[in-house]
Amino acid sequence: MQPSIDEPGLRPTGSWKLWAAAGLSAGLLELPFPFAGPLPPWRSLFAWIALAPLLAALAAAGRQPRPLRRGFQLGYLCGILWYAGNCYWVRDTMMKYGDMPPLVPELLLLGFSMILGLYFGLFGFFVALIQKRTGSSLAALAAAPVLWTALELAAARITSVPWDQLGYSQVDNALINPLATITGVYGIGFLIVAANAFFAGALVVERVKARFVFAAAGLAFLGTAAAGLCVAPPAPAPASTAVLIQPNLDVSGVSLWSGPGEWESHMKGFARLAAEPCGTGAPDGRSSSLGSKTYIAGIPETGAPAGEIVCPPYATHPDLVVWPESPAPYFEDDARLQKSLAALAVSTQSPLVIGTIGMDFVPKDSIWREYNSALIVGADGRRVGRYDKIHLVPFGEYVPFQQFLFFAHKLTGKVSRFDRGTEHRTFRLNGHRYGVFICYEAVFADEVREFAQLGAEALVNISDDGWYGDTSAPWQHLNMVRMRAIENRRWIVRATNNGVTASIDPYGRVRQSIPRHAEDALPAGYGFRSDTTFYTAHGDVFAWVCVLLSVGMAGLAARGLVRR
């Protein structure tokens, strides 16, 4: 079926231009995400036009031989290039810490990009399928936001790598990101692809009047996004203080602190940092060992001003002390650790959240199971409970598909072998309920919201981003944590091994932080909320609706082509 003169149609386009358009989209799509530092908010505007060249190329591919194959190829090229650029840190991390032979890190990054790039390829295939079935570029462009959202959910649920989904680019946009309280990050991505579809429509339609209509609609989205960067979200006042410890331990080698006095020295440093609650000194009035305490009133390395730590007037001790996920040899069954943590909790009069290696003995199998865990200790020094990390990092904390990748341990000699946790839990401390999630779990929106659904009034994130070095990954990771605060309207206090350690308010704004790569402690203000957003209560309903619509559209299109 050929488009009529009055219907938005497709211009004949040289094959090389289609490939160039796919590559251009990959390049533009890198811009609204962090590179090697925090993202300047203005760069988030590129998200609203980045996919337009690819969408226009997919529409034009309808005039090419074998349009379905060409649609897949164009999408796949864009996906491979984007993942290789956005996640270049995979190579850097594996090269430095993976104990791999030469060229293996490069091959791993290529394989990573080729696997995840398949989602882009499927996106291109289904857009081309709908166009081929209907003969209309409008129908294909209208379906694009739905298809994109469905495939983002597939990336989260099937391959479990929902890294830098499109909606994260708008974490600083106060007019756009409130949508996440209803749809999660997926709804924001849906809007962005819709805007790109309008711009693509302006590129491919024949009639001049139609081009102006499509361009005006796309500019309306872009103008709203630009205005959103100028709007300040609400600034709720913190009501409590958590001491977030940033030990800045070296991740390059495992140390058991077994040298003479080494354990004691490290624990004294831990206690010193934990006793840095507010302003001028420790709870007993001693002067601070770190001097007058200041913080960065925003994200590090953005030129944010410094602020002086001020605690609520009634505070005589911190409400929480948090030690991050780190390479410290904190094994839960170590009697020295248990004794030290009990003494520290009593001395600071504060409950503790401690990144540890959880240990469980399984009598039936006569083996010990090890978990990447957060140990919770009450202010009285007694153990409250433990949360075990559920979503482990592939090739970092476990080897996926070990029966097929049996050779992987020879290539990745430093891969840990943790067992998975099985239960989302919350903990009552000082009359409030907390949820704790660990490192990579921050990228799984539907799982983090379960803590708020279970009654958590504040969230704690512990992480060790030292593995990423000075790449884009720590900043990308921070923005994903910020989106979790927005979706659930919860304060998040985040303690990391070497940064970014921060307090994040329920609107996703970093209120306090400290510099990266420094041994320090941040007395961070935070608060509590018990209200429930639609997203907290219902999860990825919007994304699942897009999945159902996508399956229906693709099924009808395929059925029609088979009949023809």
# chains A, B, ... in the order shown; residues from 1 in each chain; ligands from 1

$ residues_around --residues "region 457-468 of chain A" --least-positions-apart "4" --cutoff "7 Å" --atoms "only C-alpha atoms" --output "VMD selection string"
chain A and resid 89 93 251 324 to 326 432 to 439 452 473 to 474 490 to 499 527 to 530

$ atom_distance --atom1 "CA of Ala379 (chain A)" --atom2 "CA of Ile504 (chain A)"
24.0 Å

$ residues_around --residues "Asp360 (chain A)" --least-positions-apart "2" --cutoff "12 Å" --atoms "only C-alpha atoms" --output "PyMOL selection string"
chain A and resi 331-333+357-358+362-373+386+388+418-421

$ atom_distance --atom1 "CA of Leu109 (chain A)" --atom2 "CA of Gly27 (chain A)"
17.4 Å

$ closest_residue --among "A:Leu129, A:Val448, A:Leu81, A:Ala174" --to "Leu561 (chain A)" --atoms "only C-alpha atoms"
A:Leu129

$ residues_around --residues "Met483 (chain A)" --least-positions-apart "5" --cutoff "10 Å" --atoms "only C-alpha atoms" --output "mmCIF file with C-alpha atoms, in the first residue's frame"
data_model
loop_
_atom_site.group_PDB
_atom_site.id
_atom_site.type_symbol
_atom_site.label_atom_id
_atom_site.label_comp_id
_atom_site.auth_asym_id
_atom_site.auth_seq_id
_atom_site.Cartn_x
_atom_site.Cartn_y
_atom_site.Cartn_z
ATOM 1 C CA GLY A 167 13.281 8.920 31.300
ATOM 2 C CA TYR A 168 16.287 9.291 33.616
ATOM 3 C CA SER A 169 17.472 12.138 31.416
ATOM 4 C CA GLN A 170 14.711 14.321 32.953
ATOM 5 C CA VAL A 171 15.558 13.797 36.616
ATOM 6 C CA ASP A 172 16.253 17.551 36.952
ATOM 7 C CA ASN A 177 9.507 14.194 36.397
ATOM 8 C CA PRO A 178 6.381 14.333 38.644
ATOM 9 C CA ALA A 180 7.074 9.304 37.600
ATOM 10 C CA THR A 181 4.858 9.226 40.692
ATOM 11 C CA GLY A 184 7.463 5.421 37.011
ATOM 12 C CA VAL A 185 10.349 6.402 34.776
ATOM 13 C CA ALA A 442 18.786 1.187 42.660
ATOM 14 C CA VAL A 443 18.148 0.675 38.931
ATOM 15 C CA ALA A 445 12.243 0.828 40.142
ATOM 16 C CA LEU A 478 23.226 8.713 41.277
ATOM 17 C CA ASN A 488 8.027 7.102 45.811
ATOM 18 C CA ARG A 489 8.251 10.640 47.256
ATOM 19 C CA ILE A 504 18.238 13.267 48.405
ATOM 20 C CA PRO A 506 11.472 13.385 47.877
ATOM 21 C CA TYR A 507 11.661 15.527 44.719
ATOM 22 C CA GLY A 508 14.952 14.019 43.600
ATOM 23 C CA ARG A 509 17.102 16.993 44.496
#
